[in-house]
Structure formats: structure tokens, C-alpha cells
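See below for the structure under consideration.
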Amino acid sequence: MTDQAPVHSPSALEDRPLVVAGREFASRLIIGTGKYESYAQNARALEASGAEMITVAVRRVNLSDPSQERLVDHIDPEKYVFLPNTAGCFTGEDAVRTLRLAREAGGWSLVKLEVLSDPKHLYPDMEETLRAAKMLIAEGFDVMVYCSDDPVYARKLEDAGCCAIMPLGAPIGSGLGIQNPVNIRLIIEQAGVPVIVDAGVGTASDATVAMELGCDGVLMNTAIAEARDPVLMAEAMKHAVIAGRKSYLAGRMAKKRYADPSSPLAGLI
Amino acid sequence: MDMITVAVNGEDRSLPAGLTLSGFLEELGLDPRKVAVERNLEIAPRSAYGEISVDDGDRLEIVQFVGGG
């Protein structure tokens, strides 16, 4: 999978920071804010991860207890880019409705579109995702789109105007790692916008594999939130993404069938 | 005082007539800067909360950002 130096791998000198919809990010890691023990723990993990962008959901306010802790009390929307998602939406209309509210709540138009199908596998409904993407783009949203690892749909989403293509590495929350590196590589090679693996990362080495394939970034939630020590795992992910990017830029050695000594054979006593 | 019935986040509530959205949010104890409101399927712009009246039969959705992936 990553045996050969990627054909299109830029050199370190040619590397540029991640840019999504005109915004530049020093970190190539995006993290979710779900499933944490508390918003306080979430905030500590975010700090340790070095991420500058976080995904958030849009939900009804609990009116019976308005004093409940709020995400924005722990994570400052002025300091981090909030990326509202459409988790739980199954149609384009639901997604548009949710993100209109998100835009009003946050005052920005960068969003993560995900239109799911079956709750058992949480695979995106690509036909509906493409339709929703077109609706959102027509309303002026900058759409980062969660999608299957299908290069054909990835191309269609880019053609529709999505500002980042975010194929799954494995089902949401599964932690199985990158299941189809061949497709992820195909999507990267054809894309003119950032490709960010979203979902499926389970541990730090999975994030490195994604970055070594040439992804522009990695988005994860459960791998950090459900680690025994989320803050430590967040730090591990920060290094994993940096290591993977540098490895990609460095261009790995070719694999060989036999050993090749590192010490010279000449001059032996 | 005249009372009206409004569906808020899917539940009917009885409240005094003549409130603006701004006044209603205050009554609910919500910081208007931390929520977004949809009124009868249309976004209520935050800048207009002071002018938008809450009328009998309105359907309001009041949402906020929560943790998510």
C-alpha cells in the first residue's frame, strides 16, 4: 500500500499548509467533540491535539435545565474553527435546515455535510449526499463532505463545488483503520481540493497510514474520546499526523525481498 | 393577561401574548448569543430578535452547538 514512493508526492520544500475554503490551518488534524466524559476533558484533549478545527453537532436546547454546561463555555469559538455537522440527518432537506441554524448560531458558512443511511453501518447515502451538497452550495455554504471511499462520487462532489472531500477510512466509530488504501489513494490523486480521511481511525498508526497515503488531513472523534486516556491519545494523534505527513513528503524506501546490510561489506577483518 | 400557545422544541407552552423573541429567550434563561432560533421553519436572524413577535400557534426550534463527530 505505501511500498513505493507516491508518484505525486511533493517534496518538503513544496509543502504548503492545509487550506480549506481559503482558511489556512497549521494542524492537519481535526477532532470531534462527541463521546467525551465531559466538555472539560474535551477541551484538554483539544489543547493536547494541537487541532484548530473541531466538529460540533446542532441540537435542541434543553429547556428544562437552561443552566446545563455548554460546549461554548469550555471551547472558545473565537479560538477554534467550529465545523457544524449534519449528523442524524437522512435527507438533503434535513441537512440544509440544520446547517441554516448552525450558520445563524455560529455566523460562518464552513460546514461538514454527512447524510447517512442505515444506522447499523452509518455509511453515507451518496446519492442524497450529492443532492444535499448542491443545495448547500447554492445557498453559499462551504461544504466539507463526508463520503464513501468511492472515487467516482468523490469526483462528482468536487465537481459540485465541495471544498474538501472526506472519505471514510472505515465505518464511523469502528476504529478499524484504513480499510481501502487503494481507493483513498485514487481519490487523493484525482482531487484538486483537500482530501481528509474522516472516520475509521482507531489508533495513532492508523492516522499515520492515512497521512502517508497523501491525505491532506485526518478527522477523528472516537479514537481519542474512547481511549483510556483521551488527552494522551490526543497528543499521540498530533504526532502521528505530523509523522505521517513528513514520511509522505520524505518518500519511503522501496521494499525488497531480501536483506540489504546497512554496514559496508568491504574492509571486513 | 392574554395567553398564547407556542410549540417550543416540539412541546406546547403557554406564555403571555406580546412577547418578542428577545423577551422570550430571556424568560427561558437563555443567552441569545449561544443559541439559534427557527420560527415556523424559517431562520430568525439574531439581529432581529428584538423585533420578532412570538405569536399564537408559532413553532419554534431553539438549538445550540453540542459535542459531535
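Each chain of the C-alpha cells is named A, B, ... in the order shown, its residues numbered from 1; ligands are numbered from 1 in display order.
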From a DSSP calculation on the backbone, collect every residue of segment 32-65 of chain B in strand (DSSP E or B) and output the set as a list of chain:residue names.
B:Ala36, B:Val37, B:Glu38, B:Arg39, B:Glu42, B:Ile43, B:Ala44, B:Ser53, B:Arg59, B:Leu60, B:Glu61, B:Ile62, B:Val63, B:Gln64, B:Phe65
For segment 22-27 of chain B: contacts at 6 Å, only C-alpha atoms, fewer than 3 positions along chain excluded, given as a PyMOL selection string:
chain B and resi 19+30+49-50
With N, CA and C atoms retained, write the just-selected residues as a short mmCIF file (atom, residue, chain, number, x, y, z; two decimals), in the first residue's frame.
data_model
loop_
_atom_site.label_atom_id
_atom_site.label_comp_id
_atom_site.auth_asym_id
_atom_site.auth_seq_id
_atom_site.Cartn_x
_atom_site.Cartn_y
_atom_site.Cartn_z
N LEU B 19 -44.96 39.00 23.65
CA LEU B 19 -43.50 38.88 23.85
C LEU B 19 -42.76 38.95 22.52
N LEU B 30 -32.08 31.90 28.54
CA LEU B 30 -31.08 31.55 27.51
C LEU B 30 -30.33 32.78 27.02
N TYR B 49 -34.08 39.65 16.84
CA TYR B 49 -34.82 39.05 17.97
C TYR B 49 -35.71 40.07 18.68
N GLY B 50 -35.23 41.31 18.74
CA GLY B 50 -35.97 42.36 19.44
C GLY B 50 -37.24 42.77 18.72
#
Please report, as a Markdown table, each residue of chain B lying at most 9 Å from chain A, together with the nearest pair of atoms and the separation in Å rounded to one decimal; use only C-alpha atoms, and order rows by chain and ascending residue number.
| residue | atom | partner | partner_atom | distance |
| --- | --- | --- | --- | --- |
| B:Val8 | CA | A:Leu63 | CA | 8.9 |
| B:Asn9 | CA | A:Arg60 | CA | 6.5 |
| B:Leu28 | CA | A:Leu63 | CA | 7.2 |
| B:Gly29 | CA | A:Pro66 | CA | 6.2 |
| B:Leu30 | CA | A:Pro66 | CA | 6.4 |
| B:Arg33 | CA | A:Ala105 | CA | 7.5 |
| B:Lys34 | CA | A:Ala105 | CA | 6.7 |
| B:Val35 | CA | A:Ala105 | CA | 5.6 |
| B:Ala36 | CA | A:Ala105 | CA | 4.7 |
| B:Val37 | CA | A:Leu101 | CA | 7.0 |
| B:Glu38 | CA | A:Leu101 | CA | 7.0 |
| B:Leu41 | CA | A:Arg97 | CA | 8.1 |
| B:Glu42 | CA | A:Arg97 | CA | 8.7 |
| B:Ile43 | CA | A:Leu101 | CA | 6.6 |
| B:Ala44 | CA | A:Glu104 | CA | 8.3 |
| B:Pro45 | CA | A:Glu104 | CA | 6.8 |
| B:Arg46 | CA | A:Glu104 | CA | 7.2 |
| B:Glu61 | CA | A:Arg60 | CA | 7.0 |
| B:Ile62 | CA | A:Arg60 | CA | 5.7 |
| B:Val63 | CA | A:Arg60 | CA | 4.2 |
| B:Gln64 | CA | A:Val58 | CA | 5.6 |
| B:Phe65 | CA | A:Val58 | CA | 4.8 |
| B:Val66 | CA | A:Ala57 | CA | 5.2 |
| B:Gly67 | CA | A:Thr33 | CA | 4.3 |
| B:Gly68 | CA | A:Gly34 | CA | 4.0 |
| B:Gly69 | CA | A:Gly32 | CA | 4.2 |
I need the chosen residues saved as a tab-separated table (two decimals), in the first residue's frame, with N, CA and C atoms.
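Here's the written file out.tsv:
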chain	number	residue	atom	x	y	z
B	8	VAL	N	-42.53	24.85	21.40
B	8	VAL	CA	-41.10	25.14	21.51
B	8	VAL	C	-40.34	23.82	21.60
B	9	ASN	N	-39.45	23.58	20.67
B	9	ASN	CA	-38.71	22.32	20.61
B	9	ASN	C	-39.65	21.11	20.75
B	28	LEU	N	-36.74	32.33	29.25
B	28	LEU	CA	-36.27	30.93	29.32
B	28	LEU	C	-34.89	30.82	29.97
B	29	GLY	N	-34.27	31.96	30.20
B	29	GLY	CA	-32.94	31.94	30.82
B	29	GLY	C	-31.83	31.59	29.82
B	30	LEU	N	-32.08	31.90	28.54
B	30	LEU	CA	-31.08	31.55	27.51
B	30	LEU	C	-30.33	32.78	27.02
B	33	ARG	N	-26.82	34.88	22.46
B	33	ARG	CA	-25.58	34.74	21.65
B	33	ARG	C	-25.16	33.28	21.51
B	34	LYS	N	-25.77	32.40	22.32
B	34	LYS	CA	-25.34	30.99	22.32
B	34	LYS	C	-26.36	30.04	21.70
B	35	VAL	N	-27.42	30.60	21.13
B	35	VAL	CA	-28.44	29.73	20.52
B	35	VAL	C	-28.79	30.25	19.13
B	36	ALA	N	-29.51	29.43	18.38
B	36	ALA	CA	-30.10	29.88	17.12
B	36	ALA	C	-31.57	29.48	17.15
B	37	VAL	N	-32.39	30.29	16.49
B	37	VAL	CA	-33.84	30.06	16.55
B	37	VAL	C	-34.43	29.93	15.15
B	38	GLU	N	-35.26	28.92	15.01
B	38	GLU	CA	-36.03	28.76	13.78
B	38	GLU	C	-37.50	29.00	14.15
B	41	LEU	N	-40.23	27.19	10.59
B	41	LEU	CA	-39.32	26.66	9.56
B	41	LEU	C	-38.43	27.71	8.90
B	42	GLU	N	-38.45	28.93	9.42
B	42	GLU	CA	-37.55	29.95	8.87
B	42	GLU	C	-36.59	30.44	9.94
B	43	ILE	N	-35.36	30.69	9.53
B	43	ILE	CA	-34.37	31.19	10.49
B	43	ILE	C	-34.78	32.57	11.00
B	44	ALA	N	-34.72	32.74	12.30
B	44	ALA	CA	-34.93	34.06	12.88
B	44	ALA	C	-33.55	34.70	13.04
B	45	PRO	N	-33.25	35.76	12.27
B	45	PRO	CA	-31.92	36.37	12.38
B	45	PRO	C	-31.70	36.95	13.77
B	46	ARG	N	-30.54	36.69	14.32
B	46	ARG	CA	-30.25	37.13	15.70
B	46	ARG	C	-30.43	38.64	15.86
B	61	GLU	N	-37.97	26.38	17.10
B	61	GLU	CA	-36.89	25.44	17.42
B	61	GLU	C	-35.73	26.29	17.95
B	62	ILE	N	-35.27	25.96	19.13
B	62	ILE	CA	-34.14	26.69	19.72
B	62	ILE	C	-33.00	25.70	19.88
B	63	VAL	N	-31.92	25.94	19.16
B	63	VAL	CA	-30.83	24.96	19.14
B	63	VAL	C	-29.51	25.60	19.58
B	64	GLN	N	-28.57	24.73	19.85
B	64	GLN	CA	-27.22	25.17	20.22
B	64	GLN	C	-26.21	24.14	19.69
B	65	PHE	N	-24.93	24.49	19.80
B	65	PHE	CA	-23.89	23.54	19.45
B	65	PHE	C	-23.65	22.60	20.62
B	66	VAL	N	-23.57	21.31	20.32
B	66	VAL	CA	-23.21	20.32	21.33
B	66	VAL	C	-22.08	19.47	20.76
B	67	GLY	N	-21.50	18.63	21.62
B	67	GLY	CA	-20.42	17.77	21.15
B	67	GLY	C	-20.90	16.83	20.06
B	68	GLY	N	-20.06	16.63	19.06
B	68	GLY	CA	-20.42	15.73	17.97
B	68	GLY	C	-19.21	15.44	17.10
B	69	GLY	N	-19.34	14.43	16.25
B	69	GLY	CA	-18.17	13.98	15.46
B	69	GLY	C	-18.21	14.41	14.01
With distances taken over only C-alpha atoms, which of B:Met1, B:Thr20, B:Ser47, B:Ala7 is nearest to Leu60 of chain B?
B:Ala7
So what do you get for atom CA of Val197 of chain A versus atom CA of Met166 of chain A, distance-wise?
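A separation of 5.3 Å between them.
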